[in-house]
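Text of protein.tsv, listed as TSV, C-alpha atoms:
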```tsv
chain	number	residue	atom	x	y	z
A	1	MET	CA	62.44	121.97	91.00
A	2	ASP	CA	63.74	121.54	87.44
A	3	ASP	CA	60.20	121.75	86.05
A	4	PHE	CA	59.37	125.03	87.79
A	5	LEU	CA	58.85	127.77	85.18
A	6	THR	CA	61.03	126.20	82.54
A	7	LEU	CA	59.16	127.81	79.63
A	8	LEU	CA	57.02	130.94	79.71
A	9	THR	CA	53.58	130.20	78.25
A	10	THR	CA	51.02	132.27	76.37
A	11	GLU	CA	48.77	132.04	79.46
A	12	ASP	CA	51.57	133.57	81.57
A	13	VAL	CA	51.87	136.43	79.08
A	14	ARG	CA	48.11	137.00	79.06
A	15	SER	CA	48.17	137.34	82.86
A	16	MET	CA	51.13	139.72	82.68
A	17	GLY	CA	49.39	141.77	79.97
A	18	ALA	CA	46.22	142.04	82.05
A	19	ALA	CA	48.26	143.25	85.04
A	20	TRP	CA	50.63	145.62	83.18
A	21	PRO	CA	49.11	146.59	79.80
A	22	TYR	CA	51.17	149.79	79.52
A	23	LEU	CA	54.54	148.18	80.13
A	24	ASN	CA	57.20	149.69	77.85
A	25	GLU	CA	60.26	147.61	78.74
A	26	LEU	CA	60.40	143.86	79.31
A	27	GLN	CA	63.20	141.38	79.88
A	28	ILE	CA	62.30	137.71	79.87
A	29	SER	CA	64.82	135.41	81.50
A	30	LEU	CA	62.89	132.20	80.77
A	31	PRO	CA	62.91	130.43	77.42
A	32	ILE	CA	60.00	131.33	75.14
A	33	ASN	CA	58.76	130.04	71.81
A	34	PHE	CA	57.49	132.01	68.82
A	35	ASP	CA	53.83	131.76	69.91
A	36	VAL	CA	54.74	133.45	73.19
A	37	LEU	CA	56.59	136.18	71.28
A	38	LEU	CA	53.42	136.83	69.24
A	39	GLU	CA	51.39	136.94	72.47
A	40	ILE	CA	53.81	139.51	73.93
A	41	VAL	CA	53.36	141.68	70.85
A	42	GLN	CA	49.58	141.54	71.21
A	43	ARG	CA	49.41	142.05	75.00
A	44	PHE	CA	51.91	144.89	75.33
A	45	PRO	CA	51.12	147.54	72.69
A	46	GLU	CA	53.24	150.18	74.47
A	47	LEU	CA	56.35	147.98	74.62
A	48	ARG	CA	59.45	149.69	73.17
A	49	TYR	CA	62.31	147.52	74.54
A	50	LEU	CA	62.23	143.73	74.60
A	51	ARG	CA	65.01	141.45	75.76
A	52	ILE	CA	64.66	137.70	75.31
A	53	ILE	CA	67.28	135.47	76.84
A	54	SER	CA	66.31	132.32	74.95
A	55	LEU	CA	64.03	131.82	71.94
A	56	GLN	CA	62.95	128.31	71.01
A	57	LEU	CA	62.55	127.88	67.27
A	58	GLY	CA	60.29	125.17	65.94
A	59	GLU	CA	59.85	124.48	62.28
A	60	PHE	CA	58.28	127.61	60.86
A	61	GLU	CA	55.77	127.63	58.10
A	62	ASN	CA	55.51	130.50	55.65
A	63	PRO	CA	55.61	133.68	57.82
A	64	GLU	CA	52.57	135.12	56.06
A	65	PHE	CA	50.51	132.34	57.61
A	66	ASN	CA	52.12	132.57	61.07
A	67	ILE	CA	51.52	136.25	61.65
A	68	PRO	CA	48.04	137.77	61.89
A	69	MET	CA	47.54	140.47	59.24
A	70	HIS	CA	46.89	143.22	61.79
A	71	LEU	CA	49.98	142.44	63.84
A	72	SER	CA	52.48	145.25	63.57
A	73	HIS	CA	54.22	146.60	66.64
A	74	SER	CA	56.16	149.79	67.28
A	75	LEU	CA	58.97	148.09	69.23
A	76	LEU	CA	62.23	150.03	68.91
A	77	SER	CA	64.80	147.75	70.53
A	78	PHE	CA	64.87	143.94	70.40
A	79	HIS	CA	67.54	141.76	72.02
A	80	ILE	CA	67.80	138.01	71.46
A	81	TYR	CA	70.66	136.39	73.33
A	82	GLU	CA	70.17	132.76	72.34
A	83	ALA	CA	68.05	130.73	69.95
A	84	TYR	CA	67.77	127.00	69.93
A	85	SER	CA	65.96	124.28	68.03
A	86	LEU	CA	63.97	121.31	69.22
A	87	SER	CA	65.26	119.18	66.37
A	88	GLU	CA	67.07	115.95	67.09
A	89	ASP	CA	70.47	117.38	66.22
A	90	ASP	CA	69.69	120.70	67.99
A	91	LYS	CA	70.69	122.60	64.84
A	92	ILE	CA	68.85	125.71	63.75
A	93	SER	CA	68.02	125.34	60.08
A	94	SER	CA	68.75	128.07	57.56
A	95	ASN	CA	64.99	128.11	56.85
A	96	ASN	CA	64.35	128.92	60.53
A	97	ILE	CA	66.85	131.78	60.45
A	98	VAL	CA	65.42	133.36	57.29
A	99	THR	CA	61.85	132.94	58.56
A	100	LEU	CA	62.74	134.41	61.97
A	101	ALA	CA	64.26	137.41	60.17
A	102	GLN	CA	61.16	137.78	57.96
A	103	CYS	CA	58.82	137.56	60.95
A	104	THR	CA	60.86	140.05	62.96
A	105	ASP	CA	60.92	142.45	60.02
A	106	ILE	CA	57.14	142.14	59.51
A	107	ILE	CA	56.15	142.41	63.16
A	108	PHE	CA	58.57	145.21	64.10
A	109	PRO	CA	58.72	147.60	61.12
A	110	ASP	CA	59.98	150.50	63.28
A	111	LEU	CA	62.81	148.53	64.87
A	112	GLU	CA	65.88	150.71	65.38
A	113	LEU	CA	68.16	148.36	67.33
A	114	LEU	CA	68.49	144.61	67.07
A	115	GLU	CA	70.99	142.97	69.37
A	116	VAL	CA	71.77	139.32	68.71
A	117	SER	CA	74.44	136.82	69.59
A	118	ALA	CA	77.55	137.04	67.44
A	119	ASP	CA	77.45	133.26	67.15
A	120	GLU	CA	76.21	131.63	63.97
A	121	PRO	CA	73.48	131.21	62.94
A	122	LEU	CA	71.66	133.83	65.04
A	123	ALA	CA	74.00	136.57	63.80
A	124	LEU	CA	72.55	136.00	60.33
A	125	VAL	CA	69.14	137.24	61.52
A	126	GLY	CA	70.58	140.72	62.00
A	127	THR	CA	72.28	140.67	58.63
A	128	ILE	CA	69.10	139.56	56.86
A	129	ILE	CA	66.91	142.17	58.58
A	130	SER	CA	69.42	144.90	57.70
A	131	ALA	CA	69.30	143.75	54.09
A	132	PHE	CA	65.48	143.79	54.07
A	133	LYS	CA	65.31	147.30	55.51
A	134	THR	CA	68.06	148.64	53.23
A	135	ALA	CA	66.32	147.23	50.15
A	136	ARG	CA	62.98	148.68	51.27
A	137	LYS	CA	64.55	152.10	51.90
A	138	ASP	CA	66.23	152.04	48.47
A	139	GLN	CA	62.93	151.10	46.84
A	140	GLU	CA	61.10	153.94	48.62
A	141	THR	CA	63.81	156.36	47.50
A	142	ARG	CA	63.37	155.27	43.87
A	143	ILE	CA	59.57	155.51	44.07
A	144	LEU	CA	59.45	158.82	45.96
A	145	GLY	CA	62.33	160.38	44.05
A	146	ARG	CA	63.95	161.48	47.30
A	147	PRO	CA	65.71	159.72	50.16
A	148	SER	CA	63.41	157.91	52.58
A	149	LYS	CA	63.43	159.24	56.14
A	150	LYS	CA	63.10	155.78	57.66
A	151	LYS	CA	65.99	154.61	59.79
A	152	ILE	CA	67.95	151.51	58.94
A	153	VAL	CA	68.08	149.09	61.83
A	154	THR	CA	71.31	149.06	63.81
A	155	VAL	CA	72.52	145.55	64.52
A	156	GLU	CA	74.79	144.93	67.48
A	157	TYR	CA	76.43	141.60	68.19
A	158	HIS	CA	77.42	140.40	71.64
```
Could you rewrite the structure in this file as structure tokens?
Amino acid sequence: MDDFLTLLTTEDVRSMGAAWPYLNELQISLPINFDVLLEIVQRFPELRYLRIISLQLGEFENPEFNIPMHLSHSLLSFHIYEAYSLSEDDKISSNNIVTLAQCTDIIFPDLELLEVSADEPLALVGTIISAFKTARKDQETRILGRPSKKKIVTVEYH
């Protein structure tokens, strides 16, 4: 029984997307990897709230190569409760954390709430995304000559 549904697959998400394409809230209680997260983004265009219990981080490459150019999602609320690595020492590298933050920022430009574990290093993802969005808002303000109307992401730690 230990092998039963231990990791949600992209095929599982495709089936779910075919059955419920207009789903706007999803909580996944099984571990997923980054490929499954990308599949969720593609299969559920109406999704606004996503809760992931456990995200498996492999070694990322440059995020510009991992994310299809057209992939931008209007998700508003994203919750990640745990992230883990498949490395021998089970440590999440600082490169993984920065890349996860970059990917999240690229994929979910309208994100208003990010809830992450208060434990290091996942808590750093929220800090990095907030920094990205603050810098982008400041840059838009300088370019436009007036304050940007875009919201800064709220980060909550649990």
Original post:
Which is closest to A:Pro21 among A:Val41, A:Ala118, A:Leu7, A:Ile53, if we use only C-alpha atoms?
Top reply: A:Val41
**OP:** Just the residues within 6 Å of A:Tyr49, please, counting only C-alpha atoms, with nothing from its chain fewer than 2 positions along; format it as a ChimeraX atom specification.
**Re:** /A:25,47,77
Using C-alpha atoms, can you write the selected residues to a file as a short mmCIF file (atom, residue, chain, number, x, y, z; two decimals), keeping the file's coordinate frame?
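Result file is out_13.cif:
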```cif
data_model
loop_
_atom_site.label_atom_id
_atom_site.label_comp_id
_atom_site.auth_asym_id
_atom_site.auth_seq_id
_atom_site.Cartn_x
_atom_site.Cartn_y
_atom_site.Cartn_z
CA GLU A 25 60.26 147.61 78.74
CA LEU A 47 56.35 147.98 74.62
CA SER A 77 64.80 147.75 70.53
#
```
**OP:** Have a look at atom CA of A:Phe44 and atom CA of A:Gly17 and let me know their distance in Å, one decimal.
**Re:**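 Computing it gives 6.1 Å between the two atoms.
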Subject >> Residue among A:Gln139, A:Thr134, A:Asn33, A:Thr154 lying closest to A:Leu100, counting all atoms listed in the file >> reply: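 Of A:Gln139, A:Thr134, A:Asn33, A:Thr154, the one nearest A:Leu100, counting all atoms listed in the file, is A:Asn33.
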Original post:
With only C-alpha atoms as the atoms that count, which of A:Leu111, A:Ala101, A:Ile40, A:Ala123 lies nearest to A:Gln27?
Top reply: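 Checking each of A:Leu111, A:Ala101, A:Ile40, A:Ala123 against A:Gln27, counting only C-alpha atoms, the winner is A:Ile40.
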